[in-house]
Every structure is written in C-alpha cells, then in structure tokens.
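**Q** Got a structure for you, questions after.
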Amino acid sequence: PVSIGWVGLTLAFGSTDEVHNTNYLQAAKSNLQALTGTDIQLAITHLAMDQDLKLAAQSVNPHAIFGGHEHINYASHSGNTPIFKADANARTVYEHLLYWYPACQQLDIVSHLIEINPLIEQEPETKSVIDSWLSFRDSALIEQGFTPDEVIYNTTEQLDATERSI
C-alpha cells in the first residue's frame, strides 16, 4: 500500500467568520510537515504560477503540484517538483499516472494533456449538471435583455481572443 497526503491551497479572497486566510507558504509548510508519515505529498492549488514556483522551492515541498488560475496549460518544474496546470473552463484536462517506487522512495509521473472536444463521449450525469447550468446562464442573460445565441458580427479575418494573447 501507498499512502498519499494532499494539501489544498487557494488565493486569498478576504476573511469572514467562516474563512480565515493565512500566508500560503506558511500554511503549506505546516501542513506538508504534518504529512511526513505519508509516502507521497501532493498539492492541489489555485494560485498564480509564481506562487506555485515559490511553493515548490521551499524546503518542505510537495512531490508535485496540480494547479489552476492562469487559464492556460503549463507543465513546468521547480527543482524536482513538477507543476501541472490545465486550461480553464475544461478545455483541457490532465491525466496523471503516478508510479511509486518504495525501495528508493521515488515518484515518477507520466502526464497527458487531453483536449476536451465533441469527439469525447459525455457522461450523462455530468452532462445533465452542465446543461442545467447553461440553462441557468441563458435564462439570466435573457432576463437582462440579451440574446445568448444572437450573431452580432461576421468576419473573414481570424481573431485571437485567447487570454494568453490578450
């Protein structure tokens, strides 16, 4: 058996009675130290890339960081710590295969970035949830006087409106 410890970190968005923000590096360090009894320590983050790089560079760091926030895909390293981020809005997902070698305490990760496209069969329950949210979105837009499917302009010029280029 292999034991895996997970740490979750996100951007600070203000404190309330229910939510208390702390320095993410201090929180990561103390929580990763608490996981020293596990074979593998992983971080799931919603931090900026420079924050993930700082996390990977500190003395107590996870074996890998699976992150978000930038909205564009990354596969990077900081030292021996790989950092993976898929594209926003489920345009891509990562599939990670983790191979643990207990004799040498080594983790190898084989990762594939998978494009989500119409060729992928939709899982019915997930599709139902997505359709419900899309219906909610369209209803809200219509209530505000918008026509969600209205064509407002046609062009023959290719436009690049990706977040990376903007």
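Scheme for the structure tokens: letters A, B, ... for chains in order shown; per-chain residue numbers from 1; ligand numbers from 1 in order shown.
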Can you pull out every residue within 8 Å of range 63-77 of chain A, counting only C-alpha atoms, but drop anything in the same chain fewer than 2 positions away, and send it as a PyMOL selection string?

**A** chain A and resi 40-49+52-53+56+61+79-89+92+107+163-164

**Q** Residues near range 125-132 of chain A, anyone? I mean within 12 Å using only C-alpha atoms, not counting same-chain ones fewer than 6 positions away, as a PyMOL selection string.

**A** chain A and resi 89-90+138-139

**Q** Those same residues - N, CA, C and O atoms - I'd like them written as a PDB file, in the first residue's frame.

**A**
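Done, and the output landed in result_4.pdb:
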```
ATOM      1  N   ASN A  89     -11.925  26.436 -17.922  1.00  0.00           N
ATOM      2  CA  ASN A  89     -13.246  26.093 -18.454  1.00  0.00           C
ATOM      3  C   ASN A  89     -13.277  24.720 -19.105  1.00  0.00           C
ATOM      4  O   ASN A  89     -13.984  24.489 -20.079  1.00  0.00           O
ATOM      5  N   ALA A  90     -12.488  23.812 -18.564  1.00  0.00           N
ATOM      6  CA  ALA A  90     -12.476  22.411 -19.009  1.00  0.00           C
ATOM      7  C   ALA A  90     -12.224  22.266 -20.503  1.00  0.00           C
ATOM      8  O   ALA A  90     -12.763  21.386 -21.154  1.00  0.00           O
ATOM      9  N   ASP A 138     -28.297  31.068 -19.609  1.00  0.00           N
ATOM     10  CA  ASP A 138     -29.076  31.639 -20.706  1.00  0.00           C
ATOM     11  C   ASP A 138     -30.311  32.367 -20.193  1.00  0.00           C
ATOM     12  O   ASP A 138     -30.644  33.451 -20.679  1.00  0.00           O
ATOM     13  N   SER A 139     -30.982  31.806 -19.207  1.00  0.00           N
ATOM     14  CA  SER A 139     -32.168  32.458 -18.631  1.00  0.00           C
ATOM     15  C   SER A 139     -31.799  33.798 -18.006  1.00  0.00           C
ATOM     16  O   SER A 139     -32.515  34.790 -18.174  1.00  0.00           O
TER      17      SER A 139
END
```

**Q** Go through range 72-164 of chain A and collect every residue that DSSP, computed from the backbone, puts in helix (DSSP H, G or I); the answer should be as a PyMOL selection string.

**A** chain A and resi 88-90+124-143

**Q** At a cut-off of 8 Å, using only C-alpha atoms, what residues contact range 21-25 of chain A? Leave out same-chain residues fewer than 5 positions from it and give the result as a VMD selection string.

**A** chain A and resid 9 to 10 12 to 15 54 to 55

**Q** Please write the residues from the selection above to a file, keeping all heavy atoms, as a PDB file, in the first residue's frame.

**A**
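So the final result, stored in part_3.pdb, reads:
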```pdb
ATOM      1  N   LEU A   9      -4.459  24.533  -1.532  1.00  0.00           N
ATOM      2  CA  LEU A   9      -4.158  25.950  -1.321  1.00  0.00           C
ATOM      3  C   LEU A   9      -4.859  26.777  -2.385  1.00  0.00           C
ATOM      4  O   LEU A   9      -4.913  26.383  -3.547  1.00  0.00           O
ATOM      5  CB  LEU A   9      -2.653  26.196  -1.415  1.00  0.00           C
ATOM      6  CG  LEU A   9      -1.783  25.428  -0.426  1.00  0.00           C
ATOM      7  CD1 LEU A   9      -0.337  25.423  -0.875  1.00  0.00           C
ATOM      8  CD2 LEU A   9      -1.916  26.037   0.958  1.00  0.00           C
ATOM      9  N   THR A  10      -5.382  27.935  -1.983  1.00  0.00           N
ATOM     10  CA  THR A  10      -6.048  28.806  -2.936  1.00  0.00           C
ATOM     11  C   THR A  10      -5.695  30.258  -2.657  1.00  0.00           C
ATOM     12  O   THR A  10      -5.173  30.578  -1.586  1.00  0.00           O
ATOM     13  CB  THR A  10      -7.579  28.595  -2.916  1.00  0.00           C
ATOM     14  OG1 THR A  10      -8.164  29.303  -4.006  1.00  0.00           O
ATOM     15  CG2 THR A  10      -8.196  29.068  -1.618  1.00  0.00           C
ATOM     16  N   ALA A  12      -6.128  34.063  -1.615  1.00  0.00           N
ATOM     17  CA  ALA A  12      -6.882  34.687  -0.533  1.00  0.00           C
ATOM     18  C   ALA A  12      -7.898  35.655  -1.119  1.00  0.00           C
ATOM     19  O   ALA A  12      -7.561  36.486  -1.960  1.00  0.00           O
ATOM     20  CB  ALA A  12      -5.934  35.418   0.404  1.00  0.00           C
ATOM     21  N   PHE A  13      -9.158  35.537  -0.696  1.00  0.00           N
ATOM     22  CA  PHE A  13     -10.216  36.410  -1.201  1.00  0.00           C
ATOM     23  C   PHE A  13     -10.945  37.138  -0.089  1.00  0.00           C
ATOM     24  O   PHE A  13     -12.081  37.507  -0.230  1.00  0.00           O
ATOM     25  CB  PHE A  13     -11.222  35.601  -2.029  1.00  0.00           C
ATOM     26  CG  PHE A  13     -10.682  35.158  -3.351  1.00  0.00           C
ATOM     27  CD1 PHE A  13     -10.424  33.833  -3.589  1.00  0.00           C
ATOM     28  CD2 PHE A  13     -10.420  36.076  -4.359  1.00  0.00           C
ATOM     29  CE1 PHE A  13      -9.924  33.417  -4.812  1.00  0.00           C
ATOM     30  CE2 PHE A  13      -9.918  35.671  -5.577  1.00  0.00           C
ATOM     31  CZ  PHE A  13      -9.669  34.336  -5.800  1.00  0.00           C
ATOM     32  N   GLY A  14     -10.302  37.340   1.039  1.00  0.00           N
ATOM     33  CA  GLY A  14     -10.945  38.056   2.136  1.00  0.00           C
ATOM     34  C   GLY A  14     -11.399  37.102   3.226  1.00  0.00           C
ATOM     35  O   GLY A  14     -11.789  35.973   2.965  1.00  0.00           O
ATOM     36  N   SER A  15     -11.325  37.571   4.448  1.00  0.00           N
ATOM     37  CA  SER A  15     -11.699  36.751   5.595  1.00  0.00           C
ATOM     38  C   SER A  15     -13.133  37.024   6.020  1.00  0.00           C
ATOM     39  O   SER A  15     -13.638  38.127   5.864  1.00  0.00           O
ATOM     40  CB  SER A  15     -10.758  37.031   6.775  1.00  0.00           C
ATOM     41  OG  SER A  15      -9.456  36.622   6.471  1.00  0.00           O
ATOM     42  N   LYS A  54       7.221  29.325  -5.950  1.00  0.00           N
ATOM     43  CA  LYS A  54       7.743  29.562  -4.596  1.00  0.00           C
ATOM     44  C   LYS A  54       7.435  28.374  -3.684  1.00  0.00           C
ATOM     45  O   LYS A  54       8.275  27.980  -2.872  1.00  0.00           O
ATOM     46  CB  LYS A  54       7.165  30.851  -4.006  1.00  0.00           C
ATOM     47  CG  LYS A  54       7.723  32.102  -4.634  1.00  0.00           C
ATOM     48  CD  LYS A  54       7.047  33.349  -4.065  1.00  0.00           C
ATOM     49  CE  LYS A  54       7.511  34.592  -4.811  1.00  0.00           C
ATOM     50  NZ  LYS A  54       6.737  35.775  -4.424  1.00  0.00           N
ATOM     51  N   LEU A  55       6.246  27.818  -3.819  1.00  0.00           N
ATOM     52  CA  LEU A  55       5.860  26.647  -3.034  1.00  0.00           C
ATOM     53  C   LEU A  55       6.808  25.482  -3.326  1.00  0.00           C
ATOM     54  O   LEU A  55       7.287  24.813  -2.421  1.00  0.00           O
ATOM     55  CB  LEU A  55       4.414  26.251  -3.346  1.00  0.00           C
ATOM     56  CG  LEU A  55       3.917  24.917  -2.810  1.00  0.00           C
ATOM     57  CD1 LEU A  55       3.971  24.893  -1.291  1.00  0.00           C
ATOM     58  CD2 LEU A  55       2.500  24.659  -3.301  1.00  0.00           C
TER      59      LEU A  55
END
```
